[in-house]
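Novice: Sending over model-v6.json (JSON, C-alpha atoms).
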```
[["chain", "number", "residue", "atom", "x", "y", "z"],
["E", 626, "MET", "CA", 40.91, 54.53, -27.30],
["E", 627, "THR", "CA", 43.77, 53.52, -25.00],
["E", 628, "PRO", "CA", 46.25, 51.24, -26.78],
["E", 629, "LEU", "CA", 46.24, 47.60, -25.72],
["E", 630, "THR", "CA", 48.97, 46.50, -23.35],
["E", 631, "ALA", "CA", 51.38, 43.74, -24.34],
["E", 632, "ALA", "CA", 49.38, 41.19, -22.34],
["E", 633, "GLU", "CA", 46.08, 42.35, -23.88],
["E", 634, "THR", "CA", 47.57, 42.15, -27.37],
["E", 635, "TYR", "CA", 48.65, 38.58, -26.72],
["E", 636, "LEU", "CA", 45.27, 37.61, -25.22],
["E", 637, "GLN", "CA", 43.42, 39.10, -28.17],
["E", 638, "ASP", "CA", 45.62, 37.13, -30.57],
["E", 639, "PHE", "CA", 45.22, 33.93, -28.55],
["E", 640, "HIS", "CA", 41.43, 34.14, -28.55],
["E", 641, "GLN", "CA", 41.43, 34.90, -32.26],
["E", 642, "ARG", "CA", 43.27, 31.59, -32.78],
["E", 643, "GLN", "CA", 41.59, 29.61, -30.00],
["E", 644, "VAL", "CA", 37.96, 30.71, -29.98],
["E", 645, "SER", "CA", 35.77, 29.11, -27.27],
["E", 646, "VAL", "CA", 38.77, 27.55, -25.54],
["E", 647, "THR", "CA", 37.55, 28.60, -22.07],
["E", 648, "SER", "CA", 34.08, 27.12, -22.38],
["E", 649, "ALA", "CA", 35.58, 23.97, -23.95],
["E", 650, "ALA", "CA", 37.72, 23.54, -20.84],
["E", 651, "PHE", "CA", 35.12, 24.27, -18.16],
["E", 652, "ALA", "CA", 31.56, 23.93, -19.48],
["E", 653, "HIS", "CA", 31.34, 20.16, -19.25],
["E", 654, "LEU", "CA", 33.14, 19.49, -15.98],
["E", 655, "PRO", "CA", 31.31, 19.53, -12.61],
["E", 656, "ALA", "CA", 32.25, 22.08, -9.97],
["E", 657, "ASN", "CA", 32.39, 21.28, -6.26],
["E", 658, "SER", "CA", 32.80, 23.30, -3.09],
["E", 659, "PRO", "CA", 31.87, 22.95, 0.58],
["E", 660, "ALA", "CA", 28.71, 24.87, -0.32],
["E", 661, "GLY", "CA", 27.48, 22.43, -2.97],
["E", 662, "THR", "CA", 27.90, 20.85, -6.40],
["E", 663, "TRP", "CA", 27.07, 22.38, -9.76],
["E", 664, "ALA", "CA", 27.01, 21.15, -13.35],
["E", 665, "SER", "CA", 29.94, 23.47, -14.12],
["E", 666, "SER", "CA", 31.75, 26.55, -12.85],
["E", 667, "TYR", "CA", 29.49, 28.60, -15.14],
["E", 668, "HIS", "CA", 26.48, 27.22, -13.27],
["E", 669, "VAL", "CA", 28.00, 28.47, -10.00],
["E", 670, "LEU", "CA", 27.57, 32.01, -11.35],
["E", 671, "THR", "CA", 24.09, 31.48, -12.77],
["E", 672, "SER", "CA", 22.96, 30.21, -9.36],
["E", 673, "LEU", "CA", 23.93, 33.58, -7.85],
["E", 674, "VAL", "CA", 21.75, 35.68, -10.16],
["E", 675, "PRO", "CA", 18.54, 36.16, -8.15],
["E", 676, "ALA", "CA", 15.32, 34.61, -9.40],
["E", 677, "VAL", "CA", 12.87, 37.49, -9.01],
["E", 678, "ASP", "CA", 9.72, 38.68, -10.76],
["E", 679, "THR", "CA", 11.07, 42.14, -11.53],
["E", 680, "PRO", "CA", 13.43, 42.63, -14.50],
["E", 681, "LEU", "CA", 17.15, 42.48, -13.75],
["E", 682, "THR", "CA", 20.01, 43.70, -15.91],
["E", 683, "VAL", "CA", 23.01, 41.35, -15.89],
["E", 684, "LEU", "CA", 26.45, 42.17, -17.32],
["E", 685, "ASP", "CA", 28.89, 39.39, -18.17],
["E", 686, "LEU", "CA", 32.32, 41.02, -18.17],
["E", 687, "ALA", "CA", 34.72, 39.24, -20.54],
["E", 688, "CYS", "CA", 31.87, 37.09, -21.82],
["E", 689, "GLY", "CA", 33.95, 35.23, -24.41],
["E", 690, "ASP", "CA", 31.84, 33.03, -26.66],
["E", 691, "GLY", "CA", 28.73, 33.75, -24.60],
["E", 692, "TYR", "CA", 28.38, 30.39, -22.86],
["E", 693, "LEU", "CA", 27.39, 31.93, -19.52],
["E", 694, "LEU", "CA", 25.00, 34.33, -21.21],
["E", 695, "GLY", "CA", 23.41, 31.37, -22.98],
["E", 696, "LEU", "CA", 22.66, 29.73, -19.64],
["E", 697, "LEU", "CA", 21.17, 32.96, -18.33],
["E", 698, "ALA", "CA", 19.14, 33.55, -21.52],
["E", 699, "ALA", "CA", 16.97, 30.56, -20.60],
["E", 700, "ARG", "CA", 15.59, 32.60, -17.70],
["E", 701, "ARG", "CA", 12.89, 35.21, -18.03],
["E", 702, "GLN", "CA", 13.07, 38.70, -16.59],
["E", 703, "LEU", "CA", 16.78, 39.10, -17.38],
["E", 704, "GLN", "CA", 18.15, 41.81, -19.64],
["E", 705, "LEU", "CA", 21.56, 40.51, -20.68],
["E", 706, "LEU", "CA", 24.68, 42.37, -21.75],
["E", 707, "GLY", "CA", 28.09, 40.91, -22.62],
["E", 708, "VAL", "CA", 31.39, 42.75, -23.01],
["E", 709, "ASP", "CA", 34.58, 41.24, -24.41],
["E", 710, "MET", "CA", 37.66, 42.61, -26.17],
["E", 711, "SER", "CA", 37.83, 39.69, -28.63],
["E", 712, "GLN", "CA", 35.82, 40.23, -31.80],
["E", 713, "ALA", "CA", 36.29, 36.56, -32.70],
["E", 714, "GLU", "CA", 34.72, 35.39, -29.43],
["E", 715, "LEU", "CA", 31.89, 37.90, -29.78],
["E", 716, "ALA", "CA", 31.14, 36.64, -33.29],
["E", 717, "VAL", "CA", 30.63, 33.14, -31.90],
["E", 718, "ALA", "CA", 28.47, 34.54, -29.11],
["E", 719, "ARG", "CA", 26.36, 36.52, -31.54],
["E", 720, "ALA", "CA", 25.66, 33.43, -33.64],
["E", 721, "ALA", "CA", 24.62, 31.40, -30.59],
["E", 722, "LEU", "CA", 22.64, 33.87, -28.47],
["E", 723, "PRO", "CA", 19.15, 35.35, -28.87],
["E", 724, "PRO", "CA", 19.05, 38.79, -30.53],
["E", 725, "SER", "CA", 17.85, 40.28, -27.25],
["E", 726, "VAL", "CA", 21.32, 39.79, -25.72],
["E", 727, "GLN", "CA", 23.40, 42.94, -26.24],
["E", 728, "LEU", "CA", 27.08, 42.36, -27.03],
["E", 729, "LEU", "CA", 29.78, 45.02, -26.97],
["E", 730, "GLN", "CA", 33.45, 44.92, -27.83],
["E", 731, "GLY", "CA", 35.38, 46.64, -25.06],
["E", 732, "ARG", "CA", 37.76, 46.44, -22.11],
["E", 733, "GLY", "CA", 36.99, 46.23, -18.43],
["E", 734, "GLN", "CA", 38.94, 49.43, -17.81],
["E", 735, "ALA", "CA", 36.52, 51.52, -19.91],
["E", 736, "LEU", "CA", 33.04, 50.02, -20.11],
["E", 737, "ASP", "CA", 30.64, 51.59, -22.60],
["E", 738, "VAL", "CA", 27.81, 51.03, -20.13],
["E", 739, "PRO", "CA", 25.71, 53.70, -18.35],
["E", 740, "SER", "CA", 26.44, 54.34, -14.70],
["E", 741, "ALA", "CA", 24.22, 52.60, -12.13],
["E", 742, "SER", "CA", 22.50, 50.52, -14.83],
["E", 743, "ILE", "CA", 23.51, 46.97, -13.83],
["E", 744, "ASP", "CA", 21.89, 44.81, -11.14],
["E", 745, "CYS", "CA", 24.34, 41.89, -11.34],
["E", 746, "LEU", "CA", 27.85, 41.76, -12.76],
["E", 747, "VAL", "CA", 29.36, 38.33, -13.36],
["E", 748, "SER", "CA", 32.68, 37.22, -14.82],
["E", 749, "HIS", "CA", 34.20, 33.79, -15.50],
["E", 750, "MET", "CA", 37.97, 33.20, -15.53],
["E", 751, "ALA", "CA", 38.99, 36.68, -16.70],
["E", 752, "LEU", "CA", 39.51, 39.28, -13.96],
["E", 753, "MET", "CA", 42.83, 37.79, -12.82],
["E", 754, "LEU", "CA", 44.19, 38.46, -16.33],
["E", 755, "MET", "CA", 43.22, 42.13, -16.58],
["E", 756, "ASP", "CA", 45.72, 44.97, -16.43],
["E", 757, "ASP", "CA", 45.05, 48.05, -14.26],
["E", 758, "ILE", "CA", 42.68, 46.04, -12.08],
["E", 759, "GLU", "CA", 41.98, 49.03, -9.83],
["E", 760, "GLN", "CA", 40.46, 50.86, -12.81],
["E", 761, "VAL", "CA", 38.45, 47.73, -13.63],
["E", 762, "MET", "CA", 37.11, 47.76, -10.06],
["E", 763, "ARG", "CA", 36.16, 51.43, -10.42],
["E", 764, "GLU", "CA", 34.32, 50.71, -13.66],
["E", 765, "MET", "CA", 32.52, 47.74, -12.13],
["E", 766, "ARG", "CA", 31.35, 49.86, -9.22],
["E", 767, "ARG", "CA", 30.33, 52.70, -11.56],
["E", 768, "VAL", "CA", 28.03, 50.55, -13.69],
["E", 769, "LEU", "CA", 26.51, 48.65, -10.75],
["E", 770, "ARG", "CA", 23.46, 50.03, -9.03],
["E", 771, "PRO", "CA", 23.73, 50.61, -5.27],
["E", 772, "ALA", "CA", 23.59, 47.18, -3.59],
["E", 773, "GLY", "CA", 24.13, 45.56, -6.99],
["E", 774, "GLN", "CA", 25.76, 42.13, -6.88],
["E", 775, "PHE", "CA", 29.19, 41.13, -8.14],
["E", 776, "ALA", "CA", 30.28, 37.50, -8.57],
["E", 777, "ALA", "CA", 33.36, 36.19, -10.36],
["E", 778, "ILE", "CA", 35.11, 32.90, -10.88],
["E", 779, "VAL", "CA", 38.90, 33.37, -10.93],
["E", 780, "GLY", "CA", 41.92, 31.09, -10.78],
["E", 781, "ARG", "CA", 43.06, 29.74, -7.41],
["E", 782, "THR", "CA", 45.62, 27.09, -8.30],
["E", 783, "PHE", "CA", 46.63, 25.70, -11.65],
["E", 784, "LEU", "CA", 46.12, 21.93, -11.39],
["E", 785, "LEU", "CA", 44.59, 20.04, -8.50],
["E", 786, "GLY", "CA", 46.55, 17.45, -6.57],
["E", 787, "GLU", "CA", 50.10, 16.21, -6.80],
["E", 788, "VAL", "CA", 50.22, 16.66, -10.55],
["E", 789, "ASN", "CA", 50.43, 20.43, -10.01],
["E", 790, "ASP", "CA", 53.73, 20.08, -8.14],
["E", 791, "VAL", "CA", 55.03, 17.72, -10.81],
["E", 792, "PHE", "CA", 54.10, 20.12, -13.59],
["E", 793, "MET", "CA", 55.70, 23.12, -11.88],
["E", 794, "ARG", "CA", 58.88, 21.16, -11.23],
["E", 795, "VAL", "CA", 59.39, 20.45, -14.93],
["E", 796, "PHE", "CA", 57.90, 23.70, -16.26],
["E", 797, "LYS", "CA", 59.90, 26.26, -14.29],
["E", 798, "PRO", "CA", 63.36, 25.35, -15.60],
["E", 799, "ILE", "CA", 62.13, 25.47, -19.20],
["E", 800, "ALA", "CA", 60.16, 28.69, -18.64],
["E", 801, "SER", "CA", 63.13, 30.41, -17.01],
["E", 802, "THR", "CA", 65.18, 30.17, -20.21],
["E", 803, "GLU", "CA", 62.63, 29.82, -23.02],
["E", 804, "LEU", "CA", 59.47, 31.73, -22.05],
["E", 805, "PRO", "CA", 59.50, 35.44, -23.00],
["E", 806, "PRO", "CA", 58.53, 37.58, -19.98],
["E", 807, "LEU", "CA", 54.92, 38.76, -20.01],
["E", 808, "ARG", "CA", 52.91, 39.69, -16.93],
["E", 809, "PHE", "CA", 49.20, 38.86, -16.82],
["E", 810, "GLY", "CA", 47.03, 40.85, -14.44],
["E", 811, "ASP", "CA", 47.61, 41.84, -10.83],
["E", 812, "ARG", "CA", 49.04, 39.50, -8.20],
["E", 813, "ARG", "CA", 46.40, 40.61, -5.71],
["E", 814, "THR", "CA", 43.75, 38.69, -7.65],
["E", 815, "GLY", "CA", 45.50, 35.48, -6.58],
["E", 816, "SER", "CA", 44.63, 35.73, -2.88],
["E", 817, "GLU", "CA", 41.64, 36.48, -0.67],
["E", 818, "ALA", "CA", 43.61, 39.22, 1.08],
["E", 819, "GLY", "CA", 44.38, 40.82, -2.28],
["E", 820, "TRP", "CA", 40.73, 40.74, -3.31],
["E", 821, "ARG", "CA", 39.68, 42.34, -0.02],
["E", 822, "GLU", "CA", 42.15, 45.13, -0.68],
["E", 823, "LEU", "CA", 40.87, 45.66, -4.22],
["E", 824, "LEU", "CA", 37.20, 45.65, -3.19],
["E", 825, "ASP", "CA", 37.65, 47.69, -0.01],
["E", 826, "GLY", "CA", 35.66, 50.91, 0.10],
["E", 827, "SER", "CA", 33.50, 50.39, -2.96],
["E", 828, "PHE", "CA", 32.10, 46.94, -2.14],
["E", 829, "ALA", "CA", 30.74, 45.28, 0.98],
["E", 830, "ASP", "CA", 29.85, 41.77, 2.15],
["E", 831, "VAL", "CA", 32.89, 40.24, 0.43],
["E", 832, "GLU", "CA", 32.77, 36.44, 0.46],
["E", 833, "PHE", "CA", 34.86, 33.63, -1.03],
["E", 834, "ASP", "CA", 34.41, 29.97, -1.84],
["E", 835, "ASP", "CA", 37.01, 27.52, -3.10],
["E", 836, "ILE", "CA", 35.71, 25.79, -6.23],
["E", 837, "ASP", "CA", 37.28, 22.54, -7.42],
["E", 838, "VAL", "CA", 36.74, 21.28, -10.95],
["E", 839, "PRO", "CA", 37.81, 17.62, -10.75],
["E", 840, "TRP", "CA", 38.94, 15.77, -13.86],
["E", 841, "THR", "CA", 40.54, 12.37, -14.51],
["E", 842, "PRO", "CA", 42.21, 12.56, -17.93],
["E", 843, "THR", "CA", 44.79, 10.31, -19.51],
["E", 844, "PRO", "CA", 48.24, 11.91, -19.72],
["E", 845, "GLY", "CA", 47.59, 12.63, -23.40],
["E", 846, "GLU", "CA", 44.28, 14.30, -22.67],
["E", 847, "LEU", "CA", 45.87, 16.39, -19.94],
["E", 848, "TRP", "CA", 48.70, 17.49, -22.22],
["E", 849, "ALA", "CA", 46.19, 18.46, -24.94],
["E", 850, "ALA", "CA", 44.41, 20.67, -22.40],
["E", 851, "LEU", "CA", 47.67, 22.22, -21.23],
["E", 852, "LEU", "CA", 48.47, 23.23, -24.81],
["E", 853, "ASP", "CA", 45.49, 25.60, -24.58],
["E", 854, "THR", "CA", 46.94, 27.48, -21.59],
["E", 855, "TYR", "CA", 48.65, 30.81, -22.13],
["E", 856, "ASP", "CA", 52.18, 30.11, -20.97],
["E", 857, "ILE", "CA", 52.52, 26.82, -22.84],
["E", 858, "ASP", "CA", 51.03, 28.45, -25.93],
["E", 859, "ARG", "CA", 53.75, 31.11, -25.72],
["E", 860, "LEU", "CA", 56.60, 28.57, -25.82],
["E", 861, "ASP", "CA", 58.12, 27.88, -29.21],
["E", 862, "ASP", "CA", 57.71, 24.42, -30.74],
["E", 863, "GLY", "CA", 61.02, 23.20, -29.34],
["E", 864, "GLY", "CA", 60.17, 24.36, -25.83],
["E", 865, "ARG", "CA", 56.76, 22.70, -25.98],
["E", 866, "GLN", "CA", 58.26, 19.41, -27.13],
["E", 867, "ARG", "CA", 60.86, 19.47, -24.35],
["E", 868, "LEU", "CA", 58.17, 20.25, -21.81],
["E", 869, "ARG", "CA", 55.93, 17.48, -23.13],
["E", 870, "GLY", "CA", 58.68, 14.88, -22.86],
["E", 871, "ALA", "CA", 59.67, 15.92, -19.35],
["E", 872, "PHE", "CA", 56.07, 16.17, -18.16],
["E", 873, "MET", "CA", 54.96, 12.81, -19.57],
["E", 874, "ASP", "CA", 57.90, 11.09, -17.92],
["E", 875, "ALA", "CA", 57.30, 12.87, -14.61],
["E", 876, "VAL", "CA", 53.56, 12.11, -14.32],
["E", 877, "ALA", "CA", 53.72, 8.46, -15.33],
["E", 878, "TYR", "CA", 53.78, 7.30, -11.69],
["E", 879, "LEU", "CA", 50.53, 9.17, -10.98],
["E", 880, "GLN", "CA", 48.49, 7.08, -13.41],
["E", 881, "GLY", "CA", 45.93, 4.77, -11.90],
["E", 882, "SER", "CA", 45.18, 1.23, -13.05],
["E", 883, "ASP", "CA", 42.90, 2.72, -15.72],
["E", 884, "GLY", "CA", 45.74, 4.85, -17.08],
["E", 885, "LYS", "CA", 44.19, 8.09, -15.86],
["E", 886, "ILE", "CA", 45.35, 10.84, -13.50],
["E", 887, "ALA", "CA", 43.25, 12.40, -10.75],
["E", 888, "THR", "CA", 43.53, 16.17, -11.14],
["E", 889, "GLY", "CA", 41.43, 19.14, -12.26],
["E", 890, "TRP", "CA", 41.42, 22.93, -11.95],
["E", 891, "GLY", "CA", 41.39, 24.99, -8.75],
["E", 892, "LEU", "CA", 39.13, 28.04, -8.89],
["E", 893, "ARG", "CA", 37.90, 30.70, -6.48],
["E", 894, "LEU", "CA", 34.48, 32.34, -6.27],
["E", 895, "VAL", "CA", 34.53, 36.01, -5.24],
["E", 896, "CYS", "CA", 31.23, 37.66, -4.30],
["E", 897, "ALA", "CA", 30.46, 41.17, -3.07],
["E", 898, "ARG", "CA", 27.79, 43.86, -3.00],
["E", 899, "ALA", "CA", 28.19, 47.40, -4.33],
["E", 900, "ALA", "CA", 28.44, 49.66, -1.28]]
```
Let me see the file written as structure tokens.

Specialist:
Amino acid sequence: MTPLTAAETYLQDFHQRQVSVTSAAFAHLPANSPAGTWASSYHVLTSLVPAVDTPLTVLDLACGDGYLLGLLAARRQLQLLGVDMSQAELAVARAALPPSVQLLQGRGQALDVPSASIDCLVSHMALMLMDDIEQVMREMRRVLRPAGQFAAIVGRTFLLGEVNDVFMRVFKPIASTELPPLRFGDRRTGSEAGWRELLDGSFADVEFDDIDVPWTPTPGELWAALLDTYDIDRLDDGGRQRLRGAFMDAVAYLQGSDGKIATGWGLRLVCARAA
């Protein structure tokens, strides 16, 4: 087995300590785009799995605690498979999901899945973190049947609205001196042009949709959520306290009369068909 990269080692440790953090952040917030509104960003992906009478095999790549698989398990005619590199997340998934859902520990770069066996491959907030993304793309195409569907939710922008600029203004000076360097994923996953390059040749009918996940937290609620993000988690206690003080002071003017801040998370939907 190929040794984990430094980023993968960190991510595995993080999700051992912070199990279910992704579903806690996104499962209960609505998702909006020009194409419609959904109960959550997970529901965006479930809406793209075709409702047909014939059995379909669906792979959730980086399935985490199995929240997306749980939504899909309510539908008949789906054979479900989840892959994740975190044993802690998979243990939570196993306890929550029906026995019929197959769960495997593994990495996107080397899927223990037969070739041309998957009808739909979905992924929520993970592909932009993966190393050697070109190999991940090759593995995705290998396991998908011809004309099989691919749909992923990935990051687009960190926070929505003016608060994102405020956060970056106070975060960057602290990160430049106190955050140990660690690169997550491939920069191409941050743009539509980059995704087209990655999917070119093996996938067709590439489409995108900007997904907004609006949220109006108090400053304290927002800071609690930020503590569960990778870069802030990687700061030492002193760095986090300095960032908290600077951020709370900087966002005070954005509070409405109810004490809350209009913000949220900016996501991107990427869809394609195996060529």

Novice: Taking all atoms listed in the file into account, name the residue in E:Leu703, E:Leu892, E:Ala650, E:Val726 that is nearest to Leu784 in chain E.

Specialist: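 For Leu784 in chain E, the nearest of the given residues is E:Leu892.
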
Novice: Counting only C-alpha atoms, which of E:Gly689, E:Gly695, E:Gly661, E:Pro798 gets nearest to Leu729 in chain E?

Specialist: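 Between E:Gly689, E:Gly695, E:Gly661, E:Pro798, the residue approaching Leu729 in chain E most closely is E:Gly689.
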
Novice: Give me, please, the distance in Å between CA of Ser740 in chain E and CA of Leu769 in chain E, quoted to one decimal.

Specialist: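 According to the coordinates, CA of Ser740 in chain E and CA of Leu769 in chain E are separated by 6.9 Å.
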
Novice: If you count only C-alpha atoms, which residues fall within 8 Å of range 894-896 of chain E, apart from same-chain ones fewer than 2 positions away, as number ranges by chain?

Specialist: E: 774-779, 830-836, 892, 898

Novice: Which of these, E:Met762, E:Ala818, E:Ala887, E:Leu722, has the shortest distance to Pro839 in chain E once you count all atoms listed in the file?

Specialist: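 Ranking E:Met762, E:Ala818, E:Ala887, E:Leu722 by distance to Pro839 in chain E, first place goes to E:Ala887.
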
Novice: With distances taken over only C-alpha atoms, which of E:Ser665, E:Met753, E:Ser711, E:Leu746 is nearest to Leu681 in chain E?

Specialist: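 Counting only C-alpha atoms, the residue closest to Leu681 in chain E is E:Leu746.
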
Novice: Considering all atoms listed in the file, state which residue in the set E:Asp757, E:Glu764, E:Asp737, E:Glu803 is at the smallest distance from Arg859 in chain E.

Specialist: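 Under the stated criterion, the closest residue is E:Glu803.
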
Novice: Name the residues in contact with Thr627 in chain E at a cut-off of 12 Å, using only C-alpha atoms, excluding same-chain residues fewer than 6 positions from it; report them as number ranges by chain.

Specialist: E: 633, 731-735

Novice: For each of E:Ser801, E:Gln730, E:Ser748, E:Thr814, take the minimum atom-to-atom distance to Val669 in chain E, counting all atoms listed in the file, then give the residue where this is smallest.

Specialist: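 When distances to Val669 in chain E are compared using all atoms listed in the file, the smallest one comes from E:Ser748.
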
Novice: Could you pull the residues within 10 Å of His640 in chain E, counting all atoms listed in the file, minus those fewer than 2 positions along the same chain, as a PyMOL selection string?

Specialist: chain E and resi 635-638+642-647+689-690+710-714

Novice: Using Å and a single decimal, report how far CA of Leu824 in chain E sits from CA of Leu728 in chain E.

Specialist: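 Those two atoms sit 26.1 Å apart.
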
Novice: I'd like the interatomic distance between CA of Arg763 in chain E and CA of Ala900 in chain E, to a tenth of an Å.

Specialist: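 We find that CA of Arg763 in chain E and CA of Ala900 in chain E lie 12.1 Å from each other.
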
Novice: Tell me, as a list in words, which residues lie within 10 Å of Gly786 in chain E, counting only C-alpha atoms; anything in the same chain fewer than 5 positions away does not count.

Specialist: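 Non-adjacent residues within range: Val791, Pro839, Ile886, Ala887, Thr888, Gly889, Trp890 and Gly891 of chain E.
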